[in-house]
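Enquirer: Here it is, the structure, as structure tokens.
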Amino acid sequence: MAKIKVTLIKSTIGAIPKHRKTVEALGLRKINSSNIHQDNDAIRGMARQVSHLLKVEEINE
């Protein structure tokens with residue numbers, strides 16, 4: 001199964017609280033922190049919601 005790597009590239013300061021919680025739920029805390037998730041609709045939707053703060057890369061294993 002494919003995986004995606006999400007990286008926080010912008011700060012959540014000034015972001016609405018819902019977006020802050022979404023970033024935290026993705027396992028990201030500091031700028032340039034990364035996390036690898038399974039590629040599914042739930043994770044894709046979360047990443048799309050805060051796409052202005054993230055960089056998403058597909059990882060093929």
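Convention: chains lettered A, B, ... in structure tokens order; per-chain residue numbering from 1; ligands numbered from 1 as shown.
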Which of region 30-60 of chain A counts as strand (DSSP E or B) under DSSP, as a PyMOL selection string please?
Expert: chain A and resi 34-38+54-59
Enquirer: Compile the contact shell of Glu58 (chain A) as an mmCIF file with all heavy atoms, in the first residue's frame: residues with an atom at most 9 Å away, counting only C-alpha atoms, same-chain residues fewer than 5 positions apart removed.
Expert:
```
data_model
loop_
_atom_site.group_PDB
_atom_site.id
_atom_site.type_symbol
_atom_site.label_atom_id
_atom_site.label_comp_id
_atom_site.auth_asym_id
_atom_site.auth_seq_id
_atom_site.Cartn_x
_atom_site.Cartn_y
_atom_site.Cartn_z
ATOM 1 N N ALA A 2 0.477 2.257 -0.697
ATOM 2 C CA ALA A 2 1.249 3.497 -0.805
ATOM 3 C C ALA A 2 1.189 4.280 0.501
ATOM 4 O O ALA A 2 0.260 4.132 1.300
ATOM 5 C CB ALA A 2 0.714 4.341 -1.943
ATOM 6 N N LYS A 3 2.193 5.105 0.680
ATOM 7 C CA LYS A 3 2.245 5.957 1.859
ATOM 8 C C LYS A 3 2.503 7.383 1.410
ATOM 9 O O LYS A 3 2.986 7.623 0.299
ATOM 10 C CB LYS A 3 3.353 5.500 2.801
ATOM 11 C CG LYS A 3 3.093 4.146 3.398
ATOM 12 C CD LYS A 3 4.120 3.817 4.435
ATOM 13 C CE LYS A 3 3.785 2.461 5.067
ATOM 14 N NZ LYS A 3 4.635 2.200 6.206
ATOM 15 N N ILE A 4 2.157 8.335 2.279
ATOM 16 C CA ILE A 4 2.460 9.727 1.990
ATOM 17 C C ILE A 4 3.237 10.325 3.157
ATOM 18 O O ILE A 4 3.061 9.925 4.307
ATOM 19 C CB ILE A 4 1.199 10.572 1.696
ATOM 20 C CG1 ILE A 4 0.207 10.552 2.857
ATOM 21 C CG2 ILE A 4 0.520 10.128 0.429
ATOM 22 C CD1 ILE A 4 -0.956 11.493 2.693
ATOM 23 N N LYS A 5 4.112 11.249 2.827
ATOM 24 C CA LYS A 5 4.903 11.956 3.826
ATOM 25 C C LYS A 5 4.403 13.390 3.867
ATOM 26 O O LYS A 5 4.386 14.075 2.846
ATOM 27 C CB LYS A 5 6.385 11.927 3.446
ATOM 28 C CG LYS A 5 7.282 12.678 4.397
ATOM 29 C CD LYS A 5 8.722 12.591 3.919
ATOM 30 C CE LYS A 5 9.643 13.374 4.821
ATOM 31 N NZ LYS A 5 11.028 13.338 4.337
ATOM 32 N N VAL A 6 3.961 13.838 5.042
ATOM 33 C CA VAL A 6 3.496 15.212 5.201
ATOM 34 C C VAL A 6 4.511 15.978 6.033
ATOM 35 O O VAL A 6 5.033 15.471 7.022
ATOM 36 C CB VAL A 6 2.091 15.283 5.845
ATOM 37 C CG1 VAL A 6 1.043 14.750 4.916
ATOM 38 C CG2 VAL A 6 2.033 14.534 7.154
ATOM 39 N N ASP A 39 -1.739 6.055 2.836
ATOM 40 C CA ASP A 39 -2.463 6.886 1.875
ATOM 41 C C ASP A 39 -3.911 6.420 1.814
ATOM 42 O O ASP A 39 -4.228 5.423 1.198
ATOM 43 C CB ASP A 39 -1.801 6.780 0.500
ATOM 44 C CG ASP A 39 -2.378 7.767 -0.482
ATOM 45 O OD1 ASP A 39 -3.169 8.631 -0.065
ATOM 46 O OD2 ASP A 39 -2.015 7.695 -1.668
#
```
Enquirer: Pull the helix (DSSP H, G or I) assignments for chain A out of DSSP run on the backbone, and list those residues as a ChimeraX atom specification.
Expert: /A:17-25,41-49
Enquirer: Would you work out the distance separating CA of Ser51 (chain A) from CA of Thr22 (chain A), expressed in Å to one decimal?
Expert: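 According to the coordinates, CA of Ser51 (chain A) and CA of Thr22 (chain A) are separated by 10.9 Å.
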Enquirer: Kindly indicate which residue among A:Met1, A:Ile36, A:Ile31, A:Leu8 lies nearest to Val50 (chain A), using only C-alpha atoms for the distances.
Expert: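 Once distances to Val50 (chain A) are computed over only C-alpha atoms, the minimum belongs to A:Leu8.
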Enquirer: May I have the residues within 9 Å of Leu53 (chain A) as a PyMOL selection string, using only C-alpha atoms and disregarding those fewer than 2 positions away in the same chain?
Expert: chain A and resi 7-12+23+47+50-51+55
